[in-house]
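As provided, run_0.cif (mmCIF, C-alpha atoms and all ligand atoms) reads as follows.
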```
data_final
loop_
_atom_site.label_atom_id
_atom_site.label_comp_id
_atom_site.auth_asym_id
_atom_site.auth_seq_id
_atom_site.Cartn_x
_atom_site.Cartn_y
_atom_site.Cartn_z
CA MET A 1 0.00 0.00 0.00
CA ILE A 2 2.78 2.36 0.88
CA LYS A 3 4.57 1.50 -2.35
CA ILE A 4 1.48 2.23 -4.44
CA ILE A 5 1.03 5.63 -2.86
CA ALA A 6 4.69 6.46 -3.31
CA ALA A 7 4.58 5.43 -6.96
CA SER A 8 1.51 7.51 -7.73
CA VAL A 9 2.98 10.55 -6.01
CA LEU A 10 6.18 10.23 -7.98
CA LEU A 11 4.28 9.84 -11.20
CA GLY A 12 2.23 12.91 -10.43
CA PHE A 13 5.29 14.92 -9.51
CA SER A 14 7.12 13.75 -12.61
CA ALA A 15 4.29 14.66 -14.94
CA TYR A 16 3.95 18.06 -13.30
CA SER A 17 7.63 18.90 -13.30
CA LYS A 18 8.39 17.61 -16.80
CA SER A 19 7.11 20.76 -18.42
CA SER A 20 4.51 23.41 -18.02
CA ASP A 21 3.97 23.74 -21.75
CA GLU A 22 0.48 23.14 -23.11
CA SER A 23 -0.56 19.49 -22.93
CA PHE A 24 -0.36 18.95 -26.73
CA CYS A 25 3.29 20.08 -26.81
CA PRO A 26 6.20 17.67 -27.35
CA THR A 27 7.03 18.02 -23.65
CA GLY A 28 3.39 18.18 -22.53
CA GLU A 29 1.29 15.52 -20.87
CA THR A 30 -0.47 14.31 -24.04
CA PRO A 31 1.78 15.28 -26.96
CA ASN A 32 0.11 15.67 -30.34
CA PRO A 33 2.38 14.55 -33.20
CA SER A 34 1.34 17.58 -35.26
CA VAL A 35 3.00 19.90 -32.73
CA LEU A 36 6.70 20.48 -33.44
CA PHE A 37 7.71 23.05 -30.84
CA CYS A 38 6.38 24.99 -27.87
CA ASP A 39 7.71 27.54 -25.44
CA SER A 40 5.49 29.02 -22.77
CA PHE A 41 8.58 30.37 -20.98
CA GLU A 42 7.75 28.26 -17.94
CA THR A 43 11.22 26.71 -17.85
CA ASN A 44 14.27 28.90 -17.48
CA GLY A 45 17.93 28.98 -18.40
CA SER A 46 20.77 29.35 -15.93
CA SER A 47 18.85 31.80 -13.76
CA ALA A 48 15.13 32.22 -13.11
CA SER A 49 14.96 35.27 -15.36
CA ASP A 50 16.87 33.66 -18.24
CA ILE A 51 14.80 32.34 -21.12
CA ASP A 52 15.73 28.74 -21.87
CA ALA A 53 17.95 29.52 -24.87
CA SER A 54 18.71 25.82 -25.34
CA ARG A 55 15.31 25.49 -27.01
CA TYR A 56 16.45 27.80 -29.80
CA TYR A 57 18.95 27.61 -32.62
CA ASP A 58 19.78 31.25 -32.13
CA PHE A 59 18.89 33.53 -29.26
CA ASP A 60 19.72 37.24 -28.99
CA ASN A 61 18.86 38.33 -25.45
CA ASP A 62 19.33 42.05 -26.16
CA GLU A 63 22.22 42.34 -23.71
CA GLY A 64 20.10 40.82 -20.97
CA ASP A 65 16.92 42.79 -21.66
CA LEU A 66 14.97 39.94 -23.29
CA ILE A 67 14.12 37.92 -20.22
CA ARG A 68 11.62 35.61 -18.63
CA THR A 69 9.23 37.49 -16.35
CA ASP A 70 6.43 36.65 -13.94
CA ALA A 71 4.97 40.14 -14.27
CA GLU A 72 2.78 39.02 -17.19
CA ALA A 73 1.56 35.69 -18.58
CA ILE A 74 -1.37 34.36 -20.61
CA HIS A 75 -0.39 30.73 -20.07
CA GLY A 76 1.28 29.49 -16.88
CA GLY A 77 3.08 32.02 -14.74
CA HIS A 78 5.74 33.47 -17.02
CA ALA A 79 6.20 35.19 -20.38
CA ALA A 80 9.06 36.68 -22.37
CA ARG A 81 9.64 40.38 -21.73
CA VAL A 82 11.01 42.54 -24.52
CA LEU A 83 12.55 45.85 -23.41
CA TRP A 84 13.26 48.76 -25.72
CA GLN A 85 15.27 51.70 -24.48
CA ALA A 86 14.39 55.10 -25.97
CA GLY A 87 15.76 55.13 -29.51
CA GLU A 88 16.61 51.44 -29.49
CA VAL A 89 15.94 49.60 -32.76
CA SER A 90 16.71 45.96 -32.03
CA ALA A 91 15.48 44.47 -28.77
CA GLY A 92 16.36 40.82 -29.30
CA ALA A 93 15.14 37.84 -31.27
CA PHE A 94 14.87 34.08 -31.16
CA HIS A 95 14.88 31.49 -33.89
CA VAL A 96 13.74 27.88 -34.11
CA ASN A 97 14.93 25.50 -36.82
CA PHE A 98 12.85 22.44 -37.64
CA GLY A 99 12.63 19.86 -40.38
CA ARG A 100 15.38 19.26 -42.91
CA SER A 101 17.75 22.23 -42.89
CA PRO A 102 21.20 23.28 -44.10
CA LEU A 103 21.62 24.57 -40.52
CA THR A 104 21.44 22.55 -37.33
CA SER A 105 17.92 21.25 -36.77
CA VAL A 106 16.94 19.03 -33.87
CA ILE A 107 13.21 18.82 -34.60
CA GLN A 108 12.18 16.15 -37.15
CA GLN A 109 15.31 16.93 -39.14
CA ASN A 110 14.51 14.39 -41.85
CA SER A 111 11.10 15.85 -42.73
CA ASP A 112 10.17 18.45 -45.32
CA PHE A 113 7.25 20.58 -44.12
CA ARG A 114 5.26 22.37 -46.81
CA GLU A 115 2.51 23.62 -44.47
CA ILE A 116 3.10 25.12 -41.03
CA PHE A 117 1.02 27.01 -38.47
CA TRP A 118 2.64 29.08 -35.76
CA ARG A 119 1.00 30.93 -32.91
CA LEU A 120 2.11 33.26 -30.20
CA TYR A 121 0.47 35.58 -27.74
CA LEU A 122 1.49 39.23 -27.76
CA LYS A 123 0.70 41.95 -25.25
CA TYR A 124 1.34 45.66 -25.48
CA PRO A 125 0.68 47.44 -22.17
CA SER A 126 -2.03 50.09 -22.46
CA ASP A 127 0.57 52.86 -22.18
CA PHE A 128 2.77 51.42 -24.94
CA GLU A 129 3.60 54.20 -27.38
CA GLY A 130 3.65 53.46 -31.12
CA TYR A 131 4.14 50.06 -32.71
CA PRO A 132 7.39 48.27 -33.55
CA ASP A 133 7.74 46.86 -37.06
CA LYS A 134 8.79 43.26 -36.62
CA LEU A 135 7.03 40.36 -34.96
CA SER A 136 7.68 37.02 -36.63
CA ARG A 137 8.37 35.25 -39.87
CA ILE A 138 8.62 31.80 -41.34
CA THR A 139 11.30 31.04 -43.89
CA VAL A 140 13.06 28.39 -45.91
CA MET A 141 16.74 28.40 -45.05
CA ALA A 142 18.28 27.32 -48.35
CA ASN A 143 21.99 27.12 -47.61
CA SER A 144 24.52 27.47 -44.82
CA ASN A 145 24.93 31.18 -45.58
CA TRP A 146 21.29 31.72 -44.52
CA ALA A 147 20.05 32.40 -48.06
CA GLN A 148 16.25 32.28 -47.96
CA ALA A 149 14.09 30.61 -50.62
CA MET A 150 11.00 32.38 -49.28
CA ILE A 151 9.88 34.47 -46.31
CA GLY A 152 6.40 34.76 -44.83
CA HIS A 153 6.57 37.97 -42.80
CA VAL A 154 4.09 38.84 -40.07
CA TRP A 155 4.87 42.44 -39.29
CA ALA A 156 3.36 45.90 -39.04
CA ASN A 157 2.22 47.89 -42.07
CA SER A 158 4.84 50.67 -42.08
CA SER A 159 2.25 53.35 -42.87
CA ARG A 160 -0.60 51.92 -40.77
CA ARG A 161 1.43 50.63 -37.91
CA ASP A 162 -1.38 49.44 -35.67
CA HIS A 163 -2.21 46.81 -38.32
CA LEU A 164 -0.19 43.65 -38.70
CA GLN A 165 0.16 42.39 -42.21
CA ILE A 166 1.18 39.21 -43.98
CA ASP A 167 3.93 40.03 -46.46
CA PRO A 168 5.13 37.14 -48.64
CA ALA A 169 8.49 37.25 -50.42
CA SER A 170 10.30 34.78 -52.67
CA GLY A 171 14.00 34.16 -53.15
CA ILE A 172 13.41 31.96 -56.19
CA LYS A 173 13.50 33.18 -59.79
CA ASN A 174 12.95 30.86 -62.76
CA ASN A 175 12.99 27.95 -60.31
CA GLN A 176 16.50 28.86 -59.12
CA LEU A 177 17.61 30.20 -55.75
CA VAL A 178 18.74 33.80 -56.35
CA THR A 179 19.25 35.01 -52.78
CA THR A 180 22.71 34.57 -51.31
CA LYS A 181 22.37 35.67 -47.68
CA TRP A 182 19.96 36.58 -44.88
CA ASN A 183 17.48 39.33 -45.86
CA ASP A 184 18.96 39.60 -49.34
CA PHE A 185 16.56 42.37 -50.32
CA ALA A 186 18.24 43.01 -53.69
CA ASN A 187 17.24 39.52 -54.80
CA LEU A 188 13.89 39.02 -53.09
CA SER A 189 10.61 39.32 -54.99
CA TRP A 190 7.79 40.87 -52.98
CA LEU A 191 4.52 39.13 -53.74
CA GLY A 192 2.02 41.56 -52.22
CA ALA A 193 1.17 42.29 -48.59
CA ILE A 194 -2.31 42.01 -47.08
CA ASP A 195 -3.24 43.94 -43.93
CA SER A 196 -5.07 42.44 -41.01
CA ASP A 197 -8.73 43.50 -40.89
CA VAL A 198 -8.34 44.54 -37.27
CA PRO A 199 -5.96 46.88 -35.46
CA MET A 200 -3.68 45.45 -32.78
CA PRO A 201 -5.18 46.29 -29.39
CA LYS A 202 -3.17 47.38 -26.36
CA GLY A 203 -3.67 46.47 -22.73
CA GLU A 204 -4.61 42.82 -23.42
CA TRP A 205 -3.11 39.58 -24.65
CA VAL A 206 -3.74 38.93 -28.33
CA CYS A 207 -3.59 35.47 -29.93
CA VAL A 208 -1.71 35.75 -33.25
CA GLU A 209 -1.57 32.67 -35.47
CA ALA A 210 -0.30 32.40 -39.03
CA ARG A 211 -0.31 29.66 -41.63
CA VAL A 212 1.91 29.22 -44.66
CA LYS A 213 1.45 26.52 -47.25
CA LEU A 214 4.11 26.39 -49.94
CA ASN A 215 2.88 26.00 -53.52
CA ASP A 216 2.92 22.54 -55.01
CA SER A 217 5.80 22.12 -57.42
CA GLY A 218 5.33 24.19 -60.56
CA THR A 219 1.94 25.60 -59.52
CA THR A 220 0.88 28.86 -57.88
CA ASN A 221 -1.38 27.47 -55.17
CA GLY A 222 0.59 28.72 -52.14
CA GLU A 223 -1.26 30.21 -49.18
CA PHE A 224 -0.66 32.66 -46.33
CA GLN A 225 -3.19 33.39 -43.58
CA LEU A 226 -3.32 35.39 -40.37
CA TYR A 227 -5.71 34.70 -37.49
CA THR A 228 -6.24 37.22 -34.71
CA ASN A 229 -7.86 35.91 -31.52
CA GLY A 230 -8.95 32.89 -33.53
CA GLU A 231 -10.60 34.82 -36.38
CA LEU A 232 -9.23 34.93 -39.93
CA THR A 233 -8.04 38.53 -40.38
CA ALA A 234 -5.84 38.36 -43.50
CA SER A 235 -5.56 35.82 -46.29
CA LYS A 236 -3.66 35.51 -49.55
CA SER A 237 -3.98 32.65 -52.02
CA ASN A 238 -2.43 31.69 -55.35
CA ILE A 239 1.09 32.42 -54.15
CA ASP A 240 4.07 31.18 -56.14
CA TRP A 241 6.45 30.90 -53.20
CA VAL A 242 9.20 28.75 -54.75
CA GLY A 243 8.26 27.59 -58.29
CA ASN A 244 9.41 23.99 -58.60
CA TRP A 245 12.48 24.51 -56.40
CA ASP A 246 12.34 21.95 -53.61
CA ASN A 247 15.85 21.58 -52.18
CA TYR A 248 14.37 22.45 -48.77
CA ALA A 249 10.93 23.25 -47.35
CA LEU A 250 9.67 25.38 -44.41
CA ASN A 251 12.37 25.01 -41.77
CA ALA A 252 12.72 28.10 -39.55
CA ILE A 253 10.61 30.55 -37.56
CA PHE A 254 11.89 33.80 -36.12
CA VAL A 255 10.40 36.03 -33.46
CA SER A 256 12.03 39.45 -33.81
CA ASN A 257 11.67 42.62 -31.81
CA TYR A 258 12.83 45.27 -34.22
CA TRP A 259 11.75 48.88 -34.59
CA ASN A 260 12.78 50.36 -37.93
CA GLY A 261 14.08 53.92 -38.24
CA ALA A 262 14.43 55.90 -35.03
CA GLY A 263 13.48 53.01 -32.74
CA SER A 264 11.22 53.14 -29.73
CA PRO A 265 10.04 56.62 -28.66
CA LYS A 266 10.58 55.73 -24.99
CA VAL A 267 11.64 52.98 -22.61
CA GLN A 268 8.92 50.34 -22.83
CA SER A 269 8.19 46.63 -22.94
CA ARG A 270 6.00 44.18 -24.78
CA TYR A 271 5.37 40.58 -23.78
CA ILE A 272 5.28 37.30 -25.69
CA ASP A 273 3.95 33.95 -24.46
CA ALA A 274 2.72 30.52 -25.53
CA LEU A 275 4.65 30.08 -28.78
CA VAL A 276 3.64 26.94 -30.71
CA ILE A 277 4.71 25.57 -34.11
CA ALA A 278 2.56 22.84 -35.66
CA THR A 279 1.44 21.22 -38.89
CA GLN A 280 -2.23 21.77 -38.03
CA ARG A 281 -4.32 24.68 -36.83
CA ILE A 282 -3.37 25.51 -33.24
CA GLY A 283 -6.07 27.91 -32.10
CA CYS A 284 -6.10 29.97 -28.94
CA LEU A 285 -6.03 29.08 -25.27
CA GLU A 286 -9.29 28.29 -23.52
CA THR A 287 -8.98 31.58 -21.68
CA ARG A 288 -9.42 33.39 -24.98
CA LYS A 289 -12.71 31.74 -25.91
CA PRO A 290 -15.47 34.35 -25.93
CA ASN A 291 -17.99 34.13 -23.17
CA PRO A 292 -21.41 32.85 -24.20
CA PRO A 293 -23.85 35.66 -24.90
CA THR A 294 -25.79 36.80 -21.84
CA ASP A 295 -28.24 39.10 -23.57
CA VAL A 296 -30.16 36.43 -25.46
CA THR A 297 -33.82 36.19 -24.53
CA ALA A 298 -35.48 32.83 -25.00
CA GLN A 299 -38.37 33.04 -27.45
CA CA B 1 3.84 31.15 -20.10
CA CA B 2 16.91 46.76 -24.91
#
```
Starting from the coordinates I provided, produce the structure as structure tokens.
Amino acid sequence: MIKIIAASVLLGFSAYSKSSDESFCPTGETPNPSVLFCDSFETNGSSASDIDASRYYDFDNDEGDLIRTDAEAIHGGHAARVLWQAGEVSAGAFHVNFGRSPLTSVIQQNSDFREIFWRLYLKYPSDFEGYPDKLSRITVMANSNWAQAMIGHVWANSSRRDHLQIDPASGIKNNQLVTTKWNDFANLSWLGAIDSDVPMPKGEWVCVEARVKLNDSGTTNGEFQLYTNGELTASKSNIDWVGNWDNYALNAIFVSNYWNGAGSPKVQSRYIDALVIATQRIGCLETRKPNPPTDVTAQ
């Protein structure tokens, strides 16, 4: 009897301490094979305020400003805090590789993914001034020099900054890779941005999910969608992401905190939580589900 109790306590403790990611995550209690990666910032690096950089291929902690905080969270008790000083442009970034890649990939490194969903929660405090440009992107890393075969940007419209937009770009021309390095703007083709239908609110957590499906070889049936709090808010179809080039497929996601031009107008922070990368629609946390209507009168 004592042994049974001890065993069940250990099991319970083990399951609890393994991870505090969402249950469908690879380290969650009931992993879903469609989920490739999660970080709810519930585990830390060498100190409690260090983000667990070992989860990432590349992690720029903004000289110690991009940290794990318990001041805000939509899932669990912690989130990532991004801190801009006045005039600061770059406030850190992190980057996950997955699938087959010319770079180091530790997540299903033998698989080519042609359709990926990624979701994060973003919060601007109500007194946040302005909007930074960058948020996240998916890309195909095409060689060891970080040439990109395509990029699916999720970032702010530079002239309507409270609106995120999906902004697809291709590094393929005549079925050949023409980019030679990271952000090789001289050789990228811009395929036409679409703004989100809704402005980005402040003072609350917002569920931001995007989907990219590469075109089938030699056709123009690529897709790019943005969902805000679970609703489709931008969509683009008939995208020729990569022609019939197929040396690699979708294999990296970046979260970037970058403010073009003069940088942030003041010292301020935004928060990021509950990042998930999957091959199927992820959706939002239960806490984001709208309450049932209370003003309905039975007829
Ligand atoms: Ca969290
Ligand atoms: Ca900073």
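Comparing the minimum interatomic distances between ligand CA 2 (chain B) and each of A:Cys284, A:Ala71, A:Ala86, A:Ala91, counting all atoms listed in the file, we find that A:Ala91 sits nearest.
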Please identify the residues whose atoms come within 8 Å of ligand CA 2 (chain B), using all atoms listed in the file, and report them as a PyMOL selection string.
-> chain A and resi 62-66+82-85+88+90-92
Selection as a CSV table (one decimal) with C-alpha atoms, in the frame of the given file: residues within 7 Å of ligand CA 1 (chain B) by all atoms listed in the file:
```
chain,number,residue,atom,x,y,z
A,40,SER,CA,5.5,29.0,-22.8
A,41,PHE,CA,8.6,30.4,-21.0
A,42,GLU,CA,7.8,28.3,-17.9
A,73,ALA,CA,1.6,35.7,-18.6
A,74,ILE,CA,-1.4,34.4,-20.6
A,75,HIS,CA,-0.4,30.7,-20.1
A,76,GLY,CA,1.3,29.5,-16.9
A,77,GLY,CA,3.1,32.0,-14.7
A,78,HIS,CA,5.7,33.5,-17.0
A,79,ALA,CA,6.2,35.2,-20.4
A,273,ASP,CA,4.0,34.0,-24.5
A,274,ALA,CA,2.7,30.5,-25.5
```
Distance of CA of Leu214 in chain A from CA of Arg55 in chain A, expressed in Å to one decimal place = 25.5 Å
Tell me which protein, DNA and RNA residues are within 10 Å of Glu22 in chain A, counting all atoms listed in the file, leaving out same-chain ones fewer than 5 positions away, and put them as an mmCIF file with C-alpha atoms, keeping the file's coordinate frame.
```
data_model
loop_
_atom_site.group_PDB
_atom_site.id
_atom_site.type_symbol
_atom_site.label_atom_id
_atom_site.label_comp_id
_atom_site.auth_asym_id
_atom_site.auth_seq_id
_atom_site.Cartn_x
_atom_site.Cartn_y
_atom_site.Cartn_z
ATOM 1 C CA THR A 27 7.030 18.020 -23.650
ATOM 2 C CA GLY A 28 3.390 18.180 -22.530
ATOM 3 C CA GLU A 29 1.290 15.520 -20.870
ATOM 4 C CA THR A 30 -0.470 14.310 -24.040
ATOM 5 C CA PRO A 31 1.780 15.280 -26.960
ATOM 6 C CA CYS A 38 6.380 24.990 -27.870
ATOM 7 C CA ASP A 39 7.710 27.540 -25.440
ATOM 8 C CA SER A 40 5.490 29.020 -22.770
ATOM 9 C CA HIS A 75 -0.390 30.730 -20.070
ATOM 10 C CA GLY A 76 1.280 29.490 -16.880
ATOM 11 C CA ALA A 274 2.720 30.520 -25.530
ATOM 12 C CA LEU A 275 4.650 30.080 -28.780
ATOM 13 C CA VAL A 276 3.640 26.940 -30.710
ATOM 14 C CA LEU A 285 -6.030 29.080 -25.270
#
```
Close residues, Asp50 in chain A itself excluded, 7 Å, all atoms listed in the file, min 5 positions apart in chain, as number ranges by chain | A: 44-45, 67-68
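Between CA of His153 in chain A and CA of Lys134 in chain A lies a distance of 8.4 Å.
For the atom pair formed by CA of Ile253 in chain A and CA of Val154 in chain A, the distance is 10.8 Å, given to one decimal.
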